[in-house]
$ cat upload_19.txt   # compact mmCIF, C-alpha atoms and all ligand atoms
# COMPACT_ATOMS: atom_id res chain seq x y z
CA MET A 1 128.12 74.90 54.21
CA LYS A 2 127.30 78.61 54.06
CA LYS A 3 126.87 80.38 50.73
CA HIS A 4 125.70 83.84 49.82
CA ILE A 5 123.90 83.94 46.46
CA PHE A 6 123.32 87.16 44.60
CA ILE A 7 120.20 87.06 42.42
CA ILE A 8 119.77 89.38 39.47
CA PRO A 9 116.32 88.69 38.00
CA GLY A 10 116.80 91.39 35.32
CA ASP A 11 114.13 92.02 32.71
CA GLY A 12 111.08 90.31 31.24
CA ILE A 13 110.67 86.67 32.22
CA GLY A 14 113.90 86.89 34.29
CA THR A 15 111.91 87.54 37.47
CA GLU A 16 109.64 84.54 37.02
CA VAL A 17 112.34 82.03 36.12
CA THR A 18 114.85 83.07 38.80
CA ALA A 19 112.10 82.74 41.43
CA CYS A 20 111.92 79.05 40.48
CA GLY A 21 115.71 78.76 40.54
CA LYS A 22 115.79 80.24 44.03
CA ALA A 23 113.05 77.88 45.23
CA VAL A 24 115.18 74.95 44.09
CA LEU A 25 118.18 76.34 45.99
CA ASP A 26 116.00 76.66 49.09
CA GLN A 27 114.94 73.04 48.79
CA ILE A 28 118.51 71.84 48.29
CA ALA A 29 119.59 73.86 51.34
CA GLU A 30 116.82 72.38 53.45
CA ASP A 31 117.59 68.81 52.40
CA GLY A 32 121.34 69.11 52.79
CA GLY A 33 121.43 71.28 55.90
CA PHE A 34 123.20 74.04 53.96
CA GLN A 35 122.83 77.71 54.76
CA PHE A 36 122.10 79.62 51.58
CA THR A 37 121.47 83.36 51.99
CA PHE A 38 120.15 85.55 49.20
CA GLU A 39 120.24 89.16 48.11
CA GLU A 40 118.78 90.72 44.98
CA GLY A 41 120.16 93.37 42.65
CA LEU A 42 119.14 95.30 39.56
CA MET A 43 120.58 95.00 36.08
CA GLY A 44 119.27 95.92 32.65
CA HIS A 45 116.20 97.97 31.77
CA GLU A 46 114.88 98.34 35.32
CA SER A 47 118.29 99.49 36.52
CA ILE A 48 118.41 102.08 33.72
CA GLU A 49 114.97 103.36 34.67
CA LYS A 50 115.75 103.59 38.38
CA LEU A 51 119.48 104.34 38.49
CA GLY A 52 120.33 105.67 35.03
CA THR A 53 122.80 102.85 34.37
CA ALA A 54 122.41 99.22 33.28
CA LEU A 55 124.68 98.08 36.12
CA SER A 56 125.61 100.23 39.10
CA ASP A 57 128.98 100.03 40.87
CA GLU A 58 127.17 98.99 44.04
CA THR A 59 125.42 96.04 42.37
CA LEU A 60 128.65 95.00 40.70
CA GLU A 61 130.48 94.98 44.05
CA LYS A 62 127.74 92.94 45.71
CA ALA A 63 127.92 90.45 42.86
CA ARG A 64 131.70 90.31 43.10
CA ASN A 65 131.58 89.62 46.83
CA SER A 66 128.97 86.87 46.68
CA ASP A 67 129.67 83.13 46.34
CA ALA A 68 127.62 82.76 43.16
CA ILE A 69 125.29 84.81 41.00
CA LEU A 70 121.96 83.62 39.61
CA PHE A 71 120.88 85.77 36.70
CA GLY A 72 117.62 85.87 34.71
CA ALA A 73 117.74 87.91 31.50
CA VAL A 74 118.19 91.43 30.17
CA GLY A 75 116.61 93.27 27.28
CA HIS A 76 113.53 95.31 26.54
CA VAL A 77 111.45 95.89 23.45
CA LYS A 78 111.95 99.64 23.82
CA TYR A 79 115.64 99.29 22.91
CA ASP A 80 115.01 96.70 20.21
CA ASN A 81 112.83 99.24 18.45
CA ASP A 82 115.26 102.12 18.94
CA PRO A 83 118.88 101.31 18.06
CA THR A 84 119.88 104.96 18.66
CA LEU A 85 119.46 104.72 22.46
CA LYS A 86 122.91 105.06 24.02
CA ILE A 87 122.28 103.43 27.41
CA ARG A 88 121.17 99.84 26.79
CA PRO A 89 120.24 96.93 29.11
CA GLU A 90 122.83 94.54 27.64
CA GLN A 91 125.64 96.88 28.70
CA GLY A 92 125.05 95.70 32.26
CA LEU A 93 125.64 92.10 31.27
CA PHE A 94 128.78 92.96 29.28
CA ARG A 95 130.19 95.00 32.16
CA MET A 96 129.50 92.18 34.61
CA ARG A 97 131.17 89.61 32.34
CA LYS A 98 134.22 91.82 31.79
CA GLU A 99 134.65 93.06 35.36
CA LEU A 100 134.35 89.60 36.88
CA GLY A 101 136.65 88.10 34.24
CA LEU A 102 133.99 85.58 33.19
CA TYR A 103 135.77 84.52 30.03
CA ALA A 104 134.43 80.97 29.75
CA ASN A 105 130.75 80.40 29.12
CA LEU A 106 129.79 76.74 29.42
CA ARG A 107 126.59 75.80 27.65
CA PRO A 108 125.61 72.14 27.90
CA VAL A 109 123.21 70.92 25.23
CA ILE A 110 121.52 67.92 26.77
CA LEU A 111 118.50 66.33 25.22
CA PHE A 112 116.10 64.69 27.64
CA ASP A 113 114.67 61.60 25.90
CA GLU A 114 111.16 62.73 26.81
CA LEU A 115 111.63 65.78 24.59
CA LEU A 116 112.63 63.91 21.45
CA ASN A 117 109.42 65.02 19.79
CA ALA A 118 109.56 68.61 21.01
CA SER A 119 112.33 69.39 18.56
CA SER A 120 111.60 70.21 14.96
CA LEU A 121 114.49 67.89 14.05
CA LYS A 122 114.02 64.16 13.48
CA PRO A 123 114.26 62.05 16.67
CA GLU A 124 116.77 59.65 15.10
CA VAL A 125 119.07 62.57 14.28
CA ILE A 126 119.08 64.11 17.74
CA ARG A 127 118.67 61.14 20.11
CA GLY A 128 121.62 60.93 22.48
CA THR A 129 122.97 64.42 21.77
CA ASP A 130 125.28 65.64 24.54
CA ILE A 131 127.39 68.65 23.66
CA LEU A 132 129.29 71.01 25.91
CA PHE A 133 129.94 74.40 24.34
CA PHE A 134 132.77 76.60 25.57
CA ARG A 135 131.90 80.05 24.33
CA GLU A 136 134.58 82.71 24.87
CA LEU A 137 132.78 85.54 26.66
CA THR A 138 134.94 88.62 27.20
CA GLY A 139 136.57 89.21 23.81
CA ASP A 140 135.70 89.31 20.10
CA CYS A 141 133.67 92.03 18.40
CA TYR A 142 131.53 92.27 21.54
CA PHE A 143 134.37 94.03 23.35
CA GLY A 144 136.61 95.32 20.53
CA GLU A 145 136.67 99.03 19.79
CA LYS A 146 133.38 100.42 18.53
CA TYR A 147 133.18 103.20 16.03
CA ARG A 148 130.49 105.34 14.45
CA SER A 149 131.44 108.06 11.96
CA GLU A 150 130.38 111.61 12.65
CA ASP A 151 127.85 111.59 9.84
CA GLY A 152 126.46 108.38 11.36
CA ASN A 153 126.77 106.46 8.11
CA THR A 154 129.63 104.13 8.93
CA ALA A 155 130.07 101.82 11.91
CA SER A 156 132.39 99.05 13.02
CA ASP A 157 133.03 96.67 15.92
CA LEU A 158 136.60 95.44 16.06
CA MET A 159 136.85 91.64 16.12
CA ILE A 160 139.95 91.20 18.22
CA TYR A 161 141.60 88.35 20.15
CA HIS A 162 144.85 88.14 22.07
CA ARG A 163 146.78 84.89 22.40
CA TYR A 164 146.24 84.67 26.17
CA GLU A 165 142.48 84.99 25.77
CA VAL A 166 142.30 82.03 23.40
CA GLU A 167 144.77 80.00 25.42
CA ARG A 168 143.00 80.25 28.77
CA ILE A 169 139.60 79.16 27.46
CA ALA A 170 141.19 76.46 25.29
CA ILE A 171 142.80 74.97 28.42
CA LYS A 172 139.43 74.91 30.18
CA ALA A 173 137.78 73.24 27.18
CA PHE A 174 140.53 70.61 26.82
CA GLU A 175 140.35 69.83 30.53
CA ALA A 176 136.60 69.30 30.19
CA ALA A 177 137.07 67.15 27.08
CA ARG A 178 139.37 64.91 29.12
CA LYS A 179 136.53 64.22 31.53
CA ARG A 180 134.08 63.56 28.69
CA ASN A 181 134.57 61.74 25.38
CA ARG A 182 138.00 63.26 24.64
CA ASN A 183 136.80 64.95 21.52
CA LEU A 184 137.14 68.68 20.98
CA CYS A 185 136.01 70.62 17.95
CA SER A 186 137.26 74.19 17.70
CA VAL A 187 135.01 76.37 15.58
CA ASP A 188 136.34 79.45 13.80
CA LYS A 189 136.30 81.18 10.43
CA ALA A 190 140.00 80.84 9.66
CA ASN A 191 139.42 80.93 5.90
CA ALA A 192 138.26 84.53 6.18
CA LEU A 193 139.37 86.13 9.45
CA GLU A 194 142.81 86.93 10.83
CA SER A 195 141.51 86.70 14.42
CA SER A 196 140.31 83.18 13.60
CA ARG A 197 143.73 82.25 12.23
CA LEU A 198 145.24 83.31 15.55
CA TRP A 199 142.48 81.34 17.30
CA ARG A 200 143.31 78.20 15.30
CA GLU A 201 147.06 78.60 15.83
CA VAL A 202 146.63 78.89 19.61
CA VAL A 203 144.20 75.96 19.81
CA GLN A 204 146.66 73.84 17.80
CA ASP A 205 149.42 74.80 20.26
CA VAL A 206 147.31 73.95 23.30
CA SER A 207 146.13 70.69 21.71
CA ARG A 208 149.74 69.39 21.73
CA ARG A 209 149.49 69.35 25.53
CA TYR A 210 146.42 67.11 25.25
CA PRO A 211 147.45 64.27 22.91
CA ASP A 212 144.72 62.11 24.47
CA VAL A 213 142.02 64.45 23.17
CA GLU A 214 141.08 64.23 19.51
CA THR A 215 141.07 67.79 18.20
CA THR A 216 139.35 68.97 15.05
CA HIS A 217 138.84 72.43 13.57
CA MET A 218 135.67 73.37 11.77
CA LEU A 219 134.59 76.54 10.03
CA ALA A 220 131.64 78.24 11.68
CA ASP A 221 129.38 77.98 8.65
CA ALA A 222 130.09 74.26 8.33
CA ALA A 223 129.54 73.83 12.09
CA ALA A 224 126.12 75.49 11.81
CA MET A 225 125.25 72.94 9.15
CA GLN A 226 126.75 69.93 10.96
CA LEU A 227 124.94 70.85 14.18
CA ILE A 228 121.57 70.03 12.66
CA LYS A 229 122.77 67.39 10.23
CA ASN A 230 124.51 65.24 12.82
CA PRO A 231 124.68 66.81 16.29
CA LYS A 232 126.09 63.61 17.77
CA TYR A 233 129.32 64.40 15.94
CA PHE A 234 130.13 66.93 18.68
CA ASP A 235 131.40 66.41 22.21
CA VAL A 236 133.14 69.61 23.36
CA VAL A 237 132.83 72.63 21.07
CA LEU A 238 135.23 75.51 21.66
CA THR A 239 134.43 78.78 19.97
CA ALA A 240 134.60 82.57 20.04
CA ASN A 241 132.05 84.91 21.54
CA LEU A 242 129.89 85.73 18.51
CA PHE A 243 129.97 82.27 16.92
CA GLY A 244 129.17 80.74 20.31
CA ASP A 245 126.21 83.04 20.80
CA ILE A 246 124.73 82.08 17.45
CA LEU A 247 125.53 78.37 17.49
CA THR A 248 124.09 77.80 20.97
CA ASP A 249 120.76 79.34 20.05
CA GLU A 250 120.74 76.97 17.10
CA ALA A 251 121.74 74.05 19.33
CA SER A 252 118.94 74.82 21.79
CA GLN A 253 116.50 73.54 19.19
CA ILE A 254 118.05 70.09 19.52
CA ALA A 255 117.12 70.19 23.22
CA GLY A 256 113.59 71.24 22.29
CA SER A 257 113.62 74.91 23.24
CA MET A 258 115.72 77.90 24.31
CA GLY A 259 113.95 77.39 27.62
CA MET A 260 115.97 74.21 28.24
CA LEU A 261 119.51 75.55 27.98
CA ALA A 262 121.43 76.62 31.06
CA SER A 263 124.84 78.21 31.23
CA ALA A 264 127.71 78.86 33.59
CA SER A 265 130.08 81.78 33.12
CA ILE A 266 133.34 81.25 34.90
CA GLY A 267 136.90 82.53 34.89
CA GLU A 268 138.53 84.77 37.43
CA GLY A 269 135.67 86.03 39.63
CA THR A 270 132.43 84.78 41.12
CA GLY A 271 130.59 82.24 38.96
CA PHE A 272 127.59 83.61 37.08
CA PHE A 273 124.73 81.28 36.17
CA GLU A 274 122.09 82.08 33.61
CA PRO A 275 119.73 80.58 31.06
CA ILE A 276 120.83 81.20 27.47
CA HIS A 277 117.42 82.66 26.62
CA GLY A 278 116.54 86.33 26.66
CA SER A 279 113.89 88.42 28.40
CA ALA A 280 111.03 87.23 26.12
CA TYR A 281 108.90 90.32 26.64
CA ASP A 282 106.07 88.85 24.61
CA ILE A 283 105.30 86.36 27.38
CA ALA A 284 106.66 88.22 30.43
CA GLY A 285 104.45 88.38 33.52
CA GLN A 286 102.06 85.77 32.12
CA ASN A 287 103.35 82.71 33.98
CA LYS A 288 104.19 81.09 30.63
CA ALA A 289 107.99 80.97 30.63
CA ASN A 290 109.86 77.71 30.98
CA PRO A 291 111.83 77.81 34.27
CA ILE A 292 113.91 74.72 33.45
CA ALA A 293 116.88 76.66 32.01
CA SER A 294 117.10 78.64 35.25
CA ILE A 295 116.74 75.48 37.34
CA LEU A 296 119.44 73.72 35.33
CA SER A 297 121.62 76.82 35.80
CA VAL A 298 121.19 76.26 39.54
CA ALA A 299 122.42 72.69 39.01
CA LEU A 300 125.53 74.08 37.32
CA MET A 301 126.02 76.48 40.25
CA LEU A 302 125.80 73.63 42.77
CA GLU A 303 128.37 71.60 40.89
CA ILE A 304 130.80 74.25 39.70
CA SER A 305 130.75 76.94 42.39
CA PHE A 306 129.77 74.93 45.45
CA GLY A 307 131.36 71.57 44.64
CA LEU A 308 128.09 69.68 45.13
CA PRO A 309 127.84 67.30 42.13
CA GLU A 310 125.40 64.97 43.94
CA GLU A 311 122.98 67.82 44.58
CA ALA A 312 123.42 69.02 41.01
CA LYS A 313 122.48 65.57 39.77
CA ARG A 314 119.43 65.51 42.03
CA VAL A 315 118.22 68.72 40.39
CA THR A 316 118.82 67.44 36.85
CA ASP A 317 117.16 64.14 37.72
CA ALA A 318 114.16 65.97 39.19
CA VAL A 319 113.75 67.84 35.89
CA GLY A 320 113.98 64.54 33.99
CA HIS A 321 111.43 62.95 36.29
CA VAL A 322 108.90 65.74 35.83
CA LEU A 323 109.31 65.51 32.05
CA LYS A 324 108.84 61.75 32.29
CA LEU A 325 105.57 62.34 34.13
CA GLY A 326 104.44 64.26 31.05
CA PHE A 327 104.53 67.78 32.46
CA ARG A 328 105.47 70.49 29.98
CA THR A 329 105.55 74.23 29.62
CA GLY A 330 104.09 75.54 26.36
CA ASP A 331 107.44 75.82 24.57
CA ILE A 332 108.25 72.11 24.95
CA ALA A 333 104.75 70.71 24.47
CA ASP A 334 103.94 68.82 21.30
CA ILE A 335 100.75 67.43 19.80
CA SER A 336 100.97 64.29 21.92
CA SER A 337 101.18 66.26 25.19
CA ASP A 338 98.27 66.00 27.59
CA PRO A 339 96.73 69.51 27.66
CA LYS A 340 96.09 69.08 31.39
CA LYS A 341 99.82 68.66 31.92
CA ILE A 342 100.83 71.88 30.20
CA LEU A 343 101.90 74.02 33.13
CA GLY A 344 102.71 77.61 33.92
CA THR A 345 106.12 78.74 35.15
CA LYS A 346 105.28 78.50 38.85
CA GLU A 347 103.54 75.15 38.55
CA MET A 348 106.45 73.65 36.62
CA GLY A 349 108.79 74.95 39.33
CA LEU A 350 106.59 73.36 42.00
CA GLN A 351 106.53 70.01 40.21
CA ILE A 352 110.32 70.00 40.12
CA ILE A 353 110.50 70.86 43.83
CA ASN A 354 108.02 68.07 44.56
CA SER A 355 110.16 65.66 42.66
CA LEU A 356 113.22 66.82 44.62
CA LYS A 357 111.40 66.24 47.90
CA HIS A 358 110.42 62.80 46.71
CA SER A 359 113.97 61.85 45.75
CA ASN A 360 115.22 63.01 49.14
CA PHE A 361 112.48 61.21 51.03
CA HIS A 362 113.35 57.80 49.61
CA SER A 363 117.11 58.10 49.81
CA ARG A 364 119.94 59.71 47.99
CA GLU A 365 120.35 56.50 46.01
CA VAL A 366 117.02 56.82 44.23
CA ARG A 367 117.69 57.77 40.65
CA TYR A 368 114.92 58.24 38.17
C1 LIG B 1 123.46 85.49 25.46
C2 LIG B 1 122.69 86.69 25.01
C3 LIG B 1 123.54 87.94 25.16
C4 LIG B 1 124.78 87.79 24.30
C5 LIG B 1 122.74 89.22 24.82
C6 LIG B 1 121.58 89.42 25.76
C7 LIG B 1 123.60 90.44 24.78
O1 LIG B 1 122.22 86.53 23.73
O2 LIG B 1 123.93 85.47 26.61
O3 LIG B 1 123.57 84.55 24.69
O4 LIG B 1 124.75 88.06 23.09
O5 LIG B 1 125.81 87.41 24.84
MG MG B 2 122.52 84.63 22.92
$ encode --input "upload_19.txt" --output "structure tokens"
Amino acid sequence: MKKHIFIIPGDGIGTEVTACGKAVLDQIAEDGGFQFTFEEGLMGHESIEKLGTALSDETLEKARNSDAILFGAVGHVKYDNDPTLKIRPEQGLFRMRKELGLYANLRPVILFDELLNASSLKPEVIRGTDILFFRELTGDCYFGEKYRSEDGNTASDLMIYHRYEVERIAIKAFEAARKRNRNLCSVDKANALESSRLWREVVQDVSRRYPDVETTHMLADAAAMQLIKNPKYFDVVLTANLFGDILTDEASQIAGSMGMLASASIGEGTGFFEPIHGSAYDIAGQNKANPIASILSVALMLEISFGLPEEAKRVTDAVGHVLKLGFRTGDIADISSDPKKILGTKEMGLQIINSLKHSNFHSREVRY
């Protein structure tokens, strides 16, 4: 198997975490006799500084023509502190999502048993949580018309959905629910928003084609509450762009940290794989970031874009094994963690690679 992977480290900790993701891909290639080739491109703050745009046409084309994209993060404190700046790092990410037609963002929330105490929620509440979010990614107020009045005192972002946009992601979510526990909760704000009433109507229509899947509808505020009250209630959650953004950050706390949540953006073009976390400038360049979200994003790439579920499982198992051995990055350590086992980004990446080597050495059947 030959695959060309385009890596966009982006800003902040993006560089450090994607380096670990790439190392895992190298190991998988070596073990499986696959030929993975790599190329890197700029997006975000660094691209603005060097090229004057958050995403150049050239980088976009290279991404489009690759077999999969591994992305780190975008964002910089400079823009956070100055909302008047017109060219912004996130524009690169939005352009990429739109141009590649990446309308479905899959965000699995999986809690490794070893991290039960890393969460601020009670272990008995979160144990066994396994949720798959389908966040719509190319519509909503992210992409609706933006307006700022001439005097600068009024602004709006149009929250807009078309039937086909809701339908296509709903189909993907229902198909996934069929392979899981056949339970789909669609989250909207239909008691207040017209776009949510369209959303609900379309999801109801699609649900008739999936009588074997139990479909429920929940308001976004209630879902935010239910997510920490009883996360095991959820199997597949289908939701719009903005609600999905907010709810998955919340859900990451069930898994212990933002640093644990991977994502896959799919749709029409090349698959795009990225942690849900941001550029974390406060810890960038300090070898402190958790690379697990990037490594689990690689697992999603192997399964979804390359059709290698066995290899994907090896990667996830290797992460589980390293956690079982007690190794942690700072964000997932708790008071019972052995201080000698609190690792930096690189060292955590190396432990996971070691574990991969070990699982391959014994046989493919070895499962931790
Ligand atoms: C995410 C991020 C982005 C988003 C930011 C960086 C614009 O928070 O992927 O969740 O809001 O989509
Ligand atoms: Mg987000």
$ residues_near_ligand --input "upload_19.txt" --ligand "ligand MG 2 (chain B)" --cutoff "7 Å" --atoms "all atoms listed in the file" --output "list in words"
Asp245, Ile246, Asp249, Ile276 and His277 of chain A
$ atom_distance --input "upload_19.txt" --atom1 "atom CA of Met159 of chain A" --atom2 "atom CA of Phe234 of chain A"
25.7 Å
$ closest_atom_pairs --input "upload_19.txt" --of "chain A" --to "ligand LIG 1 (chain B)" --cutoff "9 Å" --atoms "all atoms listed in the file" --output "JSON lines"
{"residue": "A:Ala73", "atom": "CA", "partner": "B:LIG1", "partner_atom": "C6", "distance": 7.1}
{"residue": "A:Val74", "atom": "CA", "partner": "B:LIG1", "partner_atom": "C6", "distance": 5.9}
{"residue": "A:Gly75", "atom": "CA", "partner": "B:LIG1", "partner_atom": "C6", "distance": 6.5}
{"residue": "A:Pro89", "atom": "CA", "partner": "B:LIG1", "partner_atom": "C6", "distance": 8.3}
{"residue": "A:Glu90", "atom": "CA", "partner": "B:LIG1", "partner_atom": "C7", "distance": 5.1}
{"residue": "A:Gln91", "atom": "CA", "partner": "B:LIG1", "partner_atom": "C7", "distance": 7.8}
{"residue": "A:Leu93", "atom": "CA", "partner": "B:LIG1", "partner_atom": "C7", "distance": 7.0}
{"residue": "A:Phe94", "atom": "CA", "partner": "B:LIG1", "partner_atom": "C7", "distance": 7.3}
{"residue": "A:Asn105", "atom": "CA", "partner": "B:LIG1", "partner_atom": "O2", "distance": 8.9}
{"residue": "A:Leu137", "atom": "CA", "partner": "B:LIG1", "partner_atom": "O5", "distance": 7.4}
{"residue": "A:Tyr142", "atom": "CA", "partner": "B:LIG1", "partner_atom": "O4", "distance": 8.1}
{"residue": "A:Asn241", "atom": "CA", "partner": "B:LIG1", "partner_atom": "O5", "distance": 7.5}
{"residue": "A:Leu242", "atom": "CA", "partner": "B:LIG1", "partner_atom": "O4", "distance": 7.3}
{"residue": "A:Gly244", "atom": "CA", "partner": "B:LIG1", "partner_atom": "O3", "distance": 8.1}
{"residue": "A:Asp245", "atom": "CA", "partner": "B:LIG1", "partner_atom": "O3", "distance": 4.9}
{"residue": "A:Ile246", "atom": "CA", "partner": "B:LIG1", "partner_atom": "O3", "distance": 7.7}
{"residue": "A:Thr248", "atom": "CA", "partner": "B:LIG1", "partner_atom": "O3", "distance": 7.7}
{"residue": "A:Asp249", "atom": "CA", "partner": "B:LIG1", "partner_atom": "O3", "distance": 7.5}
{"residue": "A:Ser263", "atom": "CA", "partner": "B:LIG1", "partner_atom": "O2", "distance": 8.7}
{"residue": "A:Glu274", "atom": "CA", "partner": "B:LIG1", "partner_atom": "O2", "distance": 8.0}
{"residue": "A:Pro275", "atom": "CA", "partner": "B:LIG1", "partner_atom": "O2", "distance": 7.8}
{"residue": "A:Ile276", "atom": "CA", "partner": "B:LIG1", "partner_atom": "O3", "distance": 5.1}
{"residue": "A:His277", "atom": "CA", "partner": "B:LIG1", "partner_atom": "O3", "distance": 6.7}
{"residue": "A:Gly278", "atom": "CA", "partner": "B:LIG1", "partner_atom": "C6", "distance": 6.0}
{"residue": "A:Ser279", "atom": "CA", "partner": "B:LIG1", "partner_atom": "C6", "distance": 8.2}
$ closest_atom_pairs --input "upload_19.txt" --of "segment 169-251 of chain A" --to "segment 129-135 of chain A" --cutoff "7 Å" --atoms "only C-alpha atoms" --output "JSON lines"
{"residue": "A:Ala173", "atom": "CA", "partner": "A:Phe134", "partner_atom": "CA", "distance": 6.2}
{"residue": "A:Pro231", "atom": "CA", "partner": "A:Thr129", "partner_atom": "CA", "distance": 6.2}
{"residue": "A:Lys232", "atom": "CA", "partner": "A:Thr129", "partner_atom": "CA", "distance": 5.1}
{"residue": "A:Phe234", "atom": "CA", "partner": "A:Ile131", "partner_atom": "CA", "distance": 5.9}
{"residue": "A:Asp235", "atom": "CA", "partner": "A:Ile131", "partner_atom": "CA", "distance": 4.8}
{"residue": "A:Val236", "atom": "CA", "partner": "A:Leu132", "partner_atom": "CA", "distance": 4.8}
{"residue": "A:Val237", "atom": "CA", "partner": "A:Phe133", "partner_atom": "CA", "distance": 4.7}
{"residue": "A:Leu238", "atom": "CA", "partner": "A:Phe134", "partner_atom": "CA", "distance": 4.7}
{"residue": "A:Thr239", "atom": "CA", "partner": "A:Arg135", "partner_atom": "CA", "distance": 5.2}
{"residue": "A:Ala240", "atom": "CA", "partner": "A:Arg135", "partner_atom": "CA", "distance": 5.7}
{"residue": "A:Asn241", "atom": "CA", "partner": "A:Arg135", "partner_atom": "CA", "distance": 5.6}
{"residue": "A:Gly244", "atom": "CA", "partner": "A:Arg135", "partner_atom": "CA", "distance": 4.9}
$ residues_around --input "upload_19.txt" --residues "segment 313-320 of chain A" --least-positions-apart "6" --cutoff "6 Å" --atoms "all atoms listed in the file" --output "ChimeraX atom specification"
/A:299,352,355-356
$ closest_atom_pairs --input "upload_19.txt" --of "segment 51-170 of chain A" --to "segment 194-200 of chain A" --cutoff "8 Å" --atoms "only C-alpha atoms" --output "CSV"
residue,atom,partner,partner_atom,distance
A:Met159,CA,A:Ser195,CA,7.0
A:Ile160,CA,A:Ser195,CA,6.1
A:Tyr161,CA,A:Ser195,CA,6.0
A:Arg163,CA,A:Leu198,CA,7.2
A:Val166,CA,A:Trp199,CA,6.1
$ closest_residue --input "upload_19.txt" --among "A:Gln35, A:Ser359, A:Thr84, A:Ser120" --to "Arg148 of chain A" --atoms "all atoms listed in the file"
A:Thr84
$ residues_around --input "upload_19.txt" --residues "Met348 of chain A" --least-positions-apart "5" --cutoff "10 Å" --atoms "all atoms listed in the file" --output "JSON list (two decimals) with C-alpha atoms, in the frame of the given file"
[["chain", "number", "residue", "atom", "x", "y", "z"],
["A", 20, "CYS", "CA", 111.92, 79.05, 40.48],
["A", 287, "ASN", "CA", 103.35, 82.71, 33.98],
["A", 288, "LYS", "CA", 104.19, 81.09, 30.63],
["A", 289, "ALA", "CA", 107.99, 80.97, 30.63],
["A", 290, "ASN", "CA", 109.86, 77.71, 30.98],
["A", 291, "PRO", "CA", 111.83, 77.81, 34.27],
["A", 292, "ILE", "CA", 113.91, 74.72, 33.45],
["A", 319, "VAL", "CA", 113.75, 67.84, 35.89],
["A", 322, "VAL", "CA", 108.90, 65.74, 35.83],
["A", 323, "LEU", "CA", 109.31, 65.51, 32.05],
["A", 327, "PHE", "CA", 104.53, 67.78, 32.46],
["A", 328, "ARG", "CA", 105.47, 70.49, 29.98],
["A", 329, "THR", "CA", 105.55, 74.23, 29.62],
["A", 341, "LYS", "CA", 99.82, 68.66, 31.92],
["A", 342, "ILE", "CA", 100.83, 71.88, 30.20],
["A", 343, "LEU", "CA", 101.90, 74.02, 33.13],
["A", 353, "ILE", "CA", 110.50, 70.86, 43.83],
["A", 354, "ASN", "CA", 108.02, 68.07, 44.56]]
$ closest_residue --input "upload_19.txt" --among "A:Asp67, A:Asp82, A:Asp11, A:Glu310" --to "Glu49 of chain A" --atoms "only C-alpha atoms"
A:Asp11
$ atom_distance --input "upload_19.txt" --atom1 "atom CA of Gly12 of chain A" --atom2 "atom CA of Gln286 of chain A"
10.1 Å
$ closest_residue --input "upload_19.txt" --among "A:Gly14, A:Gly33, A:Gly128, A:Gly271" --to "Leu111 of chain A" --atoms "all atoms listed in the file"
A:Gly128
$ axis_aligned_box --input "upload_19.txt" --around "segment 50-57 of chain A" --padding-each-side "6 Å" --output "AutoDock Vina command-line options"
--center_x 122.4 --center_y 101.9 --center_z 37.1 --size_x 25.2 --size_y 19.6 --size_z 19.6
$ atom_distance --input "upload_19.txt" --atom1 "atom CA of Pro309 of chain A" --atom2 "atom CA of Ser294 of chain A"
17.1 Å
$ build_atoms --input "upload_19.txt" --residues "segment 169-178 of chain A" --atoms "N, CA and C atoms" --output "mmCIF file, keeping the file's coordinate frame"
data_model
loop_
_atom_site.group_PDB
_atom_site.id
_atom_site.type_symbol
_atom_site.label_atom_id
_atom_site.label_comp_id
_atom_site.auth_asym_id
_atom_site.auth_seq_id
_atom_site.Cartn_x
_atom_site.Cartn_y
_atom_site.Cartn_z
ATOM 1 N N ILE A 169 140.877 79.896 27.620
ATOM 2 C CA ILE A 169 139.600 79.160 27.460
ATOM 3 C C ILE A 169 139.860 77.804 26.798
ATOM 4 N N ALA A 170 140.865 77.747 25.927
ATOM 5 C CA ALA A 170 141.190 76.460 25.290
ATOM 6 C C ALA A 170 141.581 75.452 26.376
ATOM 7 N N ILE A 171 142.380 75.882 27.337
ATOM 8 C CA ILE A 171 142.800 74.970 28.420
ATOM 9 C C ILE A 171 141.576 74.437 29.162
ATOM 10 N N LYS A 172 140.641 75.338 29.470
ATOM 11 C CA LYS A 172 139.430 74.910 30.180
ATOM 12 C C LYS A 172 138.648 73.881 29.338
ATOM 13 N N ALA A 173 138.559 74.144 28.050
ATOM 14 C CA ALA A 173 137.780 73.240 27.180
ATOM 15 C C ALA A 173 138.475 71.885 27.043
ATOM 16 N N PHE A 174 139.802 71.885 26.917
ATOM 17 C CA PHE A 174 140.530 70.610 26.820
ATOM 18 C C PHE A 174 140.416 69.811 28.117
ATOM 19 N N GLU A 175 140.495 70.522 29.238
ATOM 20 C CA GLU A 175 140.350 69.830 30.530
ATOM 21 C C GLU A 175 138.977 69.151 30.619
ATOM 22 N N ALA A 176 137.957 69.869 30.152
ATOM 23 C CA ALA A 176 136.600 69.300 30.190
ATOM 24 C C ALA A 176 136.497 68.106 29.238
ATOM 25 N N ALA A 177 137.128 68.237 28.074
ATOM 26 C CA ALA A 177 137.070 67.150 27.080
ATOM 27 C C ALA A 177 137.678 65.870 27.671
ATOM 28 N N ARG A 178 138.717 66.045 28.456
ATOM 29 C CA ARG A 178 139.370 64.910 29.120
ATOM 30 C C ARG A 178 138.427 64.135 30.008
#
